[in-house]
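Undergrad: This is the structure, below, for whatever I ask next.
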There are 2 protein chains.
Amino acid sequence: MVLNARDDQGMDPETAEIRVLDAAEALFNERGVQSVGMDAIRTASGVSLKRLYQAYPSKSDLLEAVLRRRDEAVNAGVEGYVASGEDPRARVLAVFDFLADWFTDPAFRGCVFINTYGEMGGVSESVATVARGHKLGLRSRLAELLAETDVPPTAREPLAAQLALLANGAMATAAITGAPDTAQQAKAAAELLLDAAGA
Amino acid sequence: MVLNARDDQGMDPETAEIRVLDAAEALFNERGVQSVGMDAIRTASGVSLKRLYQAYPSKSDLLEAVLRRRDEAVNAGVEGYVASGEDPRARVLAVFDFLADWFTDPAFRGCVFINTYGEMGGVSESVATVARGHKLGLRSRLAELLAETDVPPTAREPLAAQLALLANGAMATAAITGAPDTAQQAKAAAELLLDAAGA
DNA sequence: CAGCGTGGAGAACGATCGTTCTCCCGCTGT
DNA sequence: ACAGCGGGAGAACGATCGTTCTCCACGCTG
């Protein structure tokens, strides 16, 4: 039957998928996509190749699933910081607090969308699409948050794009240079832009 | 002899190296590093595998040479725009004019240092080092240019870092989203930061 | 003209990878 | 207890890749 209590080492399909996604995400983040073999994912996840291919018929399916889940996780992480913002301006700036926290993660190696796009965006249309969707999502979330500030409506979209530029630049720069104060620099610049726009 | 006029199809080692670097740079830019085989570089450059391996004993040597040449080319491209700046402030902002021009290149697929770092920075120390050097070089060039403006000395380094954030964010964002006005948005933000710092 | 060495084309080699297949164990239902 | 099946470990397969080797054609020196 599908639902049983617990067996010796077989795990139910749901947790198997989670372990696969966790392992693949960690390995892709660490070494990139192409240099991670399915065997390494199998070893790291403890899920056999057979079940792995049952859940994700190909490596690119798995990659897409990893990216989609990461998209949601990043959005949720941002929302966590946004929710704790005291006023509309602080809620916009919360994005940069999220970054500051993220950058201290020892496993931080940059934004998986920027990295994966750089590795395969020119060759894999699905990777390019997911990366584009993620970055457009961040920009429109910023525009939404700006709509609750005193920034005039016509200034919102351009300002959201500029804040997104700062955020993406911080991700790329923090990954490459490892400078620990990158997020704070970006936040300070964002504050200036917000001030200038009347927020 | 080493120096002769011109033979039928054999080419002198110097132009062979240039053709190899040109071909490798274009292919790496287009498809990433790992998915470009040495055979594709041989075909695209017209240089035989034997000569290719004489000049660059391994693919990572070739990659390093490509990155080093690209570093110099980008720096020279920036300097070209800087030189045409009318005043110190315009010379700082010239970096963003360089970006605007670059982004219109149909072959533009992002910054090769960001892309290659994303693909192999976690696994290849030499790639990480060259990428880091390139990005630090941009930041210190910005600091130099700021030294000629009215920005107070203590504000220079942080402001240079923020302008570099905008530039790197523009590269990553323009690559992924393809938005044509990304460089202008970054430049407008940079102008605001410069104004706020007194330049 | 004979001999030599440089360089090109591409085969060959060993490793790795994505994907599939084989074999076998342990559980299920009757 | 036994037939049958789902799942695990890992071998197998075909493709690709980085790198090296073989073979041959050509141009120069005596």
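Going by the structure tokens order, chains are called A, B, ..., each with residues numbered from 1, while ligands are numbered from 1 in the order shown.
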Give me the residues near stretch 1-9 of chain C as a count of residues only, where near means some atom within 10 Å (using only C-alpha atoms (C1' of nucleotides)) and where sequence neighbours in that chain fewer than 3 positions away do not count.

TA: 15

Undergrad: When DSSP is applied to the backbone of this structure, which of stretch 2-199 of chain A are assigned alpha helix (DSSP H)? Write them out as number ranges by chain.

TA: A: 13-31, 38-45, 49-55, 59-83, 88-103, 112-120, 125-147, 153-177, 182-197

Undergrad: Output C-alpha atoms of each residue in that selection to a file, as a compact mmCIF listing (two decimals), in the first residue's frame.

TA:
```txt
# COMPACT_ATOMS: atom_id res chain seq x y z
CA PRO A 13 8.36 9.08 -1.59
CA GLU A 14 7.66 12.46 -0.09
CA THR A 15 10.69 12.63 2.16
CA ALA A 16 12.76 11.00 -0.57
CA GLU A 17 11.95 13.90 -2.89
CA ILE A 18 12.82 16.39 -0.19
CA ARG A 19 16.14 14.72 0.49
CA VAL A 20 16.91 14.68 -3.22
CA LEU A 21 16.07 18.36 -3.61
CA ASP A 22 18.08 19.25 -0.52
CA ALA A 23 21.11 17.32 -1.68
CA ALA A 24 20.91 18.60 -5.26
CA GLU A 25 20.49 22.17 -4.14
CA ALA A 26 23.47 21.98 -1.83
CA LEU A 27 25.69 20.34 -4.43
CA PHE A 28 24.62 22.63 -7.27
CA ASN A 29 25.27 25.60 -5.05
CA GLU A 30 28.69 24.33 -4.10
CA ARG A 31 30.03 23.07 -7.42
CA MET A 38 23.64 12.10 -10.52
CA ASP A 39 25.70 9.63 -8.53
CA ALA A 40 26.85 12.36 -6.17
CA ILE A 41 23.23 13.37 -5.62
CA ARG A 42 22.34 9.78 -4.99
CA THR A 43 25.12 9.41 -2.44
CA ALA A 44 24.39 12.70 -0.70
CA SER A 45 20.65 12.10 -0.54
CA LEU A 49 19.05 6.08 -8.60
CA LYS A 50 15.87 4.21 -9.43
CA ARG A 51 13.69 6.30 -7.12
CA LEU A 52 15.57 9.40 -8.13
CA TYR A 53 14.69 8.86 -11.77
CA GLN A 54 11.14 7.94 -10.85
CA ALA A 55 10.70 11.33 -9.24
CA LYS A 59 18.74 15.82 -14.58
CA SER A 60 17.24 18.93 -16.12
CA ASP A 61 13.87 18.07 -14.59
CA LEU A 62 15.59 17.84 -11.25
CA LEU A 63 17.37 21.13 -11.83
CA GLU A 64 14.11 22.80 -12.69
CA ALA A 65 12.50 21.45 -9.54
CA VAL A 66 15.43 22.70 -7.47
CA LEU A 67 15.18 26.14 -9.02
CA ARG A 68 11.42 26.34 -8.53
CA ARG A 69 11.68 25.35 -4.90
CA ARG A 70 14.52 27.79 -4.37
CA ASP A 71 12.44 30.54 -5.93
CA GLU A 72 9.72 29.95 -3.39
CA ALA A 73 12.19 29.65 -0.53
CA VAL A 74 13.85 32.94 -1.38
CA ASN A 75 10.51 34.66 -1.71
CA ALA A 76 9.42 33.25 1.63
CA GLY A 77 12.69 34.34 3.21
CA VAL A 78 12.22 37.85 1.91
CA GLU A 79 8.65 37.93 3.17
CA GLY A 80 9.87 36.93 6.60
CA TYR A 81 11.97 40.06 6.78
CA VAL A 82 9.33 42.21 5.11
CA ALA A 83 6.75 41.16 7.68
CA PRO A 88 6.50 50.87 4.59
CA ARG A 89 10.01 52.22 4.11
CA ALA A 90 11.48 49.61 6.45
CA ARG A 91 9.57 46.91 4.60
CA VAL A 92 11.24 47.90 1.36
CA LEU A 93 14.64 47.90 3.02
CA ALA A 94 13.93 44.53 4.60
CA VAL A 95 15.07 42.94 1.36
CA PHE A 96 18.60 44.05 2.18
CA ASP A 97 18.37 42.71 5.71
CA PHE A 98 17.47 39.40 4.17
CA LEU A 99 20.58 39.64 2.02
CA ALA A 100 22.77 40.52 5.00
CA ASP A 101 21.56 37.45 6.82
CA TRP A 102 21.95 35.25 3.77
CA PHE A 103 25.51 36.37 3.08
CA VAL A 112 21.69 30.18 -7.70
CA PHE A 113 19.72 31.91 -10.45
CA ILE A 114 22.58 34.19 -11.40
CA ASN A 115 25.03 31.31 -11.18
CA THR A 116 22.94 28.81 -13.09
CA TYR A 117 22.02 31.36 -15.71
CA GLY A 118 25.71 32.06 -16.20
CA GLU A 119 26.46 28.39 -16.55
CA MET A 120 23.59 27.27 -18.75
CA GLU A 125 15.84 27.85 -22.33
CA SER A 126 14.11 26.51 -19.23
CA VAL A 127 16.92 27.69 -16.98
CA ALA A 128 16.82 31.11 -18.60
CA THR A 129 13.06 31.28 -18.12
CA VAL A 130 13.12 30.35 -14.45
CA ALA A 131 15.96 32.78 -13.74
CA ARG A 132 14.15 35.55 -15.57
CA GLY A 133 10.96 34.80 -13.67
CA HIS A 134 12.75 34.89 -10.35
CA LYS A 135 14.43 38.22 -11.01
CA LEU A 136 11.27 39.80 -12.37
CA GLY A 137 9.47 38.51 -9.29
CA LEU A 138 11.89 40.29 -7.00
CA ARG A 139 11.53 43.51 -8.93
CA SER A 140 7.74 43.46 -8.88
CA ARG A 141 7.67 42.60 -5.20
CA LEU A 142 9.81 45.70 -4.62
CA ALA A 143 7.39 47.74 -6.70
CA GLU A 144 4.49 46.46 -4.59
CA LEU A 145 6.29 47.41 -1.40
CA LEU A 146 7.05 50.83 -2.82
CA ALA A 147 3.38 51.32 -3.56
CA PRO A 153 3.41 56.21 -8.52
CA THR A 154 5.37 57.02 -11.65
CA ALA A 155 8.64 56.72 -9.77
CA ARG A 156 7.88 53.29 -8.37
CA GLU A 157 8.79 51.05 -11.24
CA PRO A 158 12.12 52.71 -12.05
CA LEU A 159 13.02 52.82 -8.38
CA ALA A 160 12.09 49.16 -7.96
CA ALA A 161 14.38 48.32 -10.86
CA GLN A 162 17.21 50.27 -9.27
CA LEU A 163 16.76 48.59 -5.92
CA ALA A 164 16.76 45.24 -7.68
CA LEU A 165 20.00 46.24 -9.37
CA LEU A 166 21.53 46.92 -5.98
CA ALA A 167 20.28 43.61 -4.62
CA ASN A 168 21.57 41.60 -7.57
CA GLY A 169 24.85 43.44 -7.54
CA ALA A 170 25.21 42.68 -3.86
CA MET A 171 24.60 38.98 -4.48
CA ALA A 172 27.15 38.76 -7.27
CA THR A 173 29.72 40.89 -5.48
CA ALA A 174 29.37 39.19 -2.12
CA ALA A 175 29.80 35.83 -3.80
CA ILE A 176 32.95 36.79 -5.69
CA THR A 177 34.73 39.07 -3.26
CA THR A 182 28.28 44.15 0.98
CA ALA A 183 24.65 43.96 2.03
CA GLN A 184 25.03 46.99 4.30
CA GLN A 185 26.57 49.00 1.46
CA ALA A 186 23.67 48.08 -0.76
CA LYS A 187 21.19 48.96 1.96
CA ALA A 188 22.81 52.34 2.53
CA ALA A 189 22.61 53.08 -1.19
CA ALA A 190 18.98 51.97 -1.20
CA GLU A 191 18.19 54.33 1.65
CA LEU A 192 19.62 57.21 -0.31
CA LEU A 193 17.58 56.31 -3.35
CA LEU A 194 14.46 56.05 -1.22
CA ASP A 195 15.14 59.42 0.38
CA ALA A 196 15.63 61.03 -3.00
CA ALA A 197 12.34 59.55 -4.20
```

Undergrad: Can you tell me which residues surround stretch 11-17 of chain D at a distance of at most 12 Å, considering only C-alpha atoms (C1' of nucleotides), apart from same-chain residues fewer than 5 positions away, and format the answer as a PyMOL selection string?

TA: (chain B and resi 34-40+59) or (chain C and resi 13-23)

Undergrad: Grab the residues selected above and save them as an mmCIF file, in the first residue's frame with N, CA and C atoms (P, O5', C5', C4', C3', O3' and C1' of nucleotides).

TA:
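Output below, filename part12.cif:
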```cif
data_model
loop_
_atom_site.group_PDB
_atom_site.id
_atom_site.type_symbol
_atom_site.label_atom_id
_atom_site.label_comp_id
_atom_site.auth_asym_id
_atom_site.auth_seq_id
_atom_site.Cartn_x
_atom_site.Cartn_y
_atom_site.Cartn_z
ATOM 1 N N GLN B 34 32.167 24.647 -19.411
ATOM 2 C CA GLN B 34 32.225 23.187 -19.404
ATOM 3 C C GLN B 34 31.540 22.564 -20.604
ATOM 4 N N SER B 35 30.585 23.236 -21.171
ATOM 5 C CA SER B 35 29.895 22.613 -22.308
ATOM 6 C C SER B 35 30.565 22.947 -23.641
ATOM 7 N N VAL B 36 31.710 23.599 -23.597
ATOM 8 C CA VAL B 36 32.468 23.837 -24.823
ATOM 9 C C VAL B 36 33.644 22.870 -24.852
ATOM 10 N N GLY B 37 33.675 22.005 -25.826
ATOM 11 C CA GLY B 37 34.770 21.056 -25.955
ATOM 12 C C GLY B 37 35.957 21.677 -26.676
ATOM 13 N N MET B 38 37.126 21.122 -26.431
ATOM 14 C CA MET B 38 38.315 21.606 -27.126
ATOM 15 C C MET B 38 38.144 21.463 -28.638
ATOM 16 N N ASP B 39 37.406 20.479 -29.053
ATOM 17 C CA ASP B 39 37.182 20.282 -30.476
ATOM 18 C C ASP B 39 36.392 21.436 -31.087
ATOM 19 N N ALA B 40 35.439 21.957 -30.317
ATOM 20 C CA ALA B 40 34.672 23.093 -30.823
ATOM 21 C C ALA B 40 35.576 24.315 -30.965
ATOM 22 N N LYS B 59 42.952 22.844 -20.771
ATOM 23 C CA LYS B 59 41.794 23.702 -20.951
ATOM 24 C C LYS B 59 41.753 24.795 -19.887
ATOM 25 P P DC C 13 43.313 2.586 -28.732
ATOM 26 O "O5'" DC C 13 43.415 3.389 -27.372
ATOM 27 C "C5'" DC C 13 44.455 4.332 -27.180
ATOM 28 C "C4'" DC C 13 44.282 4.999 -25.835
ATOM 29 C "C3'" DC C 13 43.449 4.199 -24.835
ATOM 30 O "O3'" DC C 13 44.054 4.312 -23.565
ATOM 31 C "C1'" DC C 13 42.495 6.326 -25.131
ATOM 32 P P DG C 14 43.881 3.144 -22.514
ATOM 33 O "O5'" DG C 14 43.365 3.936 -21.237
ATOM 34 C "C5'" DG C 14 44.066 5.106 -20.815
ATOM 35 C "C4'" DG C 14 43.111 6.052 -20.123
ATOM 36 C "C3'" DG C 14 42.193 5.392 -19.082
ATOM 37 O "O3'" DG C 14 42.225 6.178 -17.913
ATOM 38 C "C1'" DG C 14 40.917 6.654 -20.593
ATOM 39 P P DA C 15 41.585 5.614 -16.574
ATOM 40 O "O5'" DA C 15 40.588 6.785 -16.168
ATOM 41 C "C5'" DA C 15 40.981 8.136 -16.389
ATOM 42 C "C4'" DA C 15 39.756 9.010 -16.494
ATOM 43 C "C3'" DA C 15 38.646 8.658 -15.492
ATOM 44 O "O3'" DA C 15 38.411 9.785 -14.663
ATOM 45 C "C1'" DA C 15 37.782 8.928 -17.706
ATOM 46 P P DT C 16 37.398 9.626 -13.446
ATOM 47 O "O5'" DT C 16 36.070 10.316 -14.012
ATOM 48 C "C5'" DT C 16 36.162 11.534 -14.739
ATOM 49 C "C4'" DT C 16 34.810 11.858 -15.339
ATOM 50 C "C3'" DT C 16 33.630 11.527 -14.405
ATOM 51 O "O3'" DT C 16 32.790 12.669 -14.339
ATOM 52 C "C1'" DT C 16 33.277 10.619 -16.559
ATOM 53 P P DC C 17 31.657 12.796 -13.222
ATOM 54 O "O5'" DC C 17 30.352 13.009 -14.103
ATOM 55 C "C5'" DC C 17 30.499 13.509 -15.438
ATOM 56 C "C4'" DC C 17 29.269 13.181 -16.233
ATOM 57 C "C3'" DC C 17 28.055 12.845 -15.378
ATOM 58 O "O3'" DC C 17 26.952 13.633 -15.774
ATOM 59 C "C1'" DC C 17 28.430 11.145 -17.005
ATOM 60 P P DG C 18 25.637 13.686 -14.814
ATOM 61 O "O5'" DG C 18 24.500 13.130 -15.786
ATOM 62 C "C5'" DG C 18 24.339 13.724 -17.071
ATOM 63 C "C4'" DG C 18 23.437 12.855 -17.924
ATOM 64 C "C3'" DG C 18 22.118 12.457 -17.270
ATOM 65 O "O3'" DG C 18 21.094 12.455 -18.255
ATOM 66 C "C1'" DG C 18 23.385 10.511 -17.763
ATOM 67 P P DT C 19 19.598 12.220 -17.795
ATOM 68 O "O5'" DT C 19 19.457 10.648 -18.025
ATOM 69 C "C5'" DT C 19 19.691 10.118 -19.325
ATOM 70 C "C4'" DT C 19 19.648 8.608 -19.290
ATOM 71 C "C3'" DT C 19 18.440 8.009 -18.540
ATOM 72 O "O3'" DT C 19 17.670 7.278 -19.493
ATOM 73 C "C1'" DT C 19 20.465 6.862 -18.033
ATOM 74 P P DT C 20 16.380 6.462 -19.002
ATOM 75 O "O5'" DT C 20 16.961 4.977 -18.998
ATOM 76 C "C5'" DT C 20 17.698 4.536 -20.124
ATOM 77 C "C4'" DT C 20 18.183 3.109 -19.908
ATOM 78 C "C3'" DT C 20 17.106 2.136 -19.422
ATOM 79 O "O3'" DT C 20 17.243 0.939 -20.182
ATOM 80 C "C1'" DT C 20 18.965 2.042 -17.986
ATOM 81 P P DC C 21 16.150 -0.230 -20.058
ATOM 82 O "O5'" DC C 21 17.022 -1.422 -19.456
ATOM 83 C "C5'" DC C 21 18.394 -1.534 -19.821
ATOM 84 C "C4'" DC C 21 19.063 -2.644 -19.028
ATOM 85 C "C3'" DC C 21 18.112 -3.749 -18.551
ATOM 86 O "O3'" DC C 21 18.723 -5.002 -18.758
ATOM 87 C "C1'" DC C 21 19.212 -2.767 -16.690
ATOM 88 P P DT C 22 17.884 -6.340 -18.407
ATOM 89 O "O5'" DT C 22 18.831 -7.108 -17.369
ATOM 90 C "C5'" DT C 22 20.209 -6.725 -17.258
ATOM 91 C "C4'" DT C 22 20.810 -7.336 -16.013
ATOM 92 C "C3'" DT C 22 20.054 -8.532 -15.441
ATOM 93 O "O3'" DT C 22 21.007 -9.478 -14.956
ATOM 94 C "C1'" DT C 22 20.186 -6.856 -13.800
ATOM 95 P P DC C 23 20.557 -10.991 -14.627
ATOM 96 O "O5'" DC C 23 20.783 -11.078 -13.050
ATOM 97 C "C5'" DC C 23 21.972 -10.523 -12.480
ATOM 98 C "C4'" DC C 23 21.752 -10.263 -11.002
ATOM 99 C "C3'" DC C 23 20.948 -11.356 -10.280
ATOM 100 O "O3'" DC C 23 21.696 -11.825 -9.171
ATOM 101 C "C1'" DC C 23 20.117 -9.197 -9.771
#
```

Undergrad: Any idea what the distance is between atom CA of A:Gly85 and atom CA of A:Asp105?

TA: 22.0 Å

Undergrad: Would you mind reading off the distance between atom CA of B:Cys111 and atom CA of B:Glu86, one decimal, in Å?

TA: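 We find that atom CA of B:Cys111 and atom CA of B:Glu86 lie 27.2 Å from each other.
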
Undergrad: What are the residues of chain D that have an atom within 9 Å of an atom of chain A, counting only C-alpha atoms (C1' of nucleotides), as a PyMOL selection string?

TA: chain D and resi 7-9
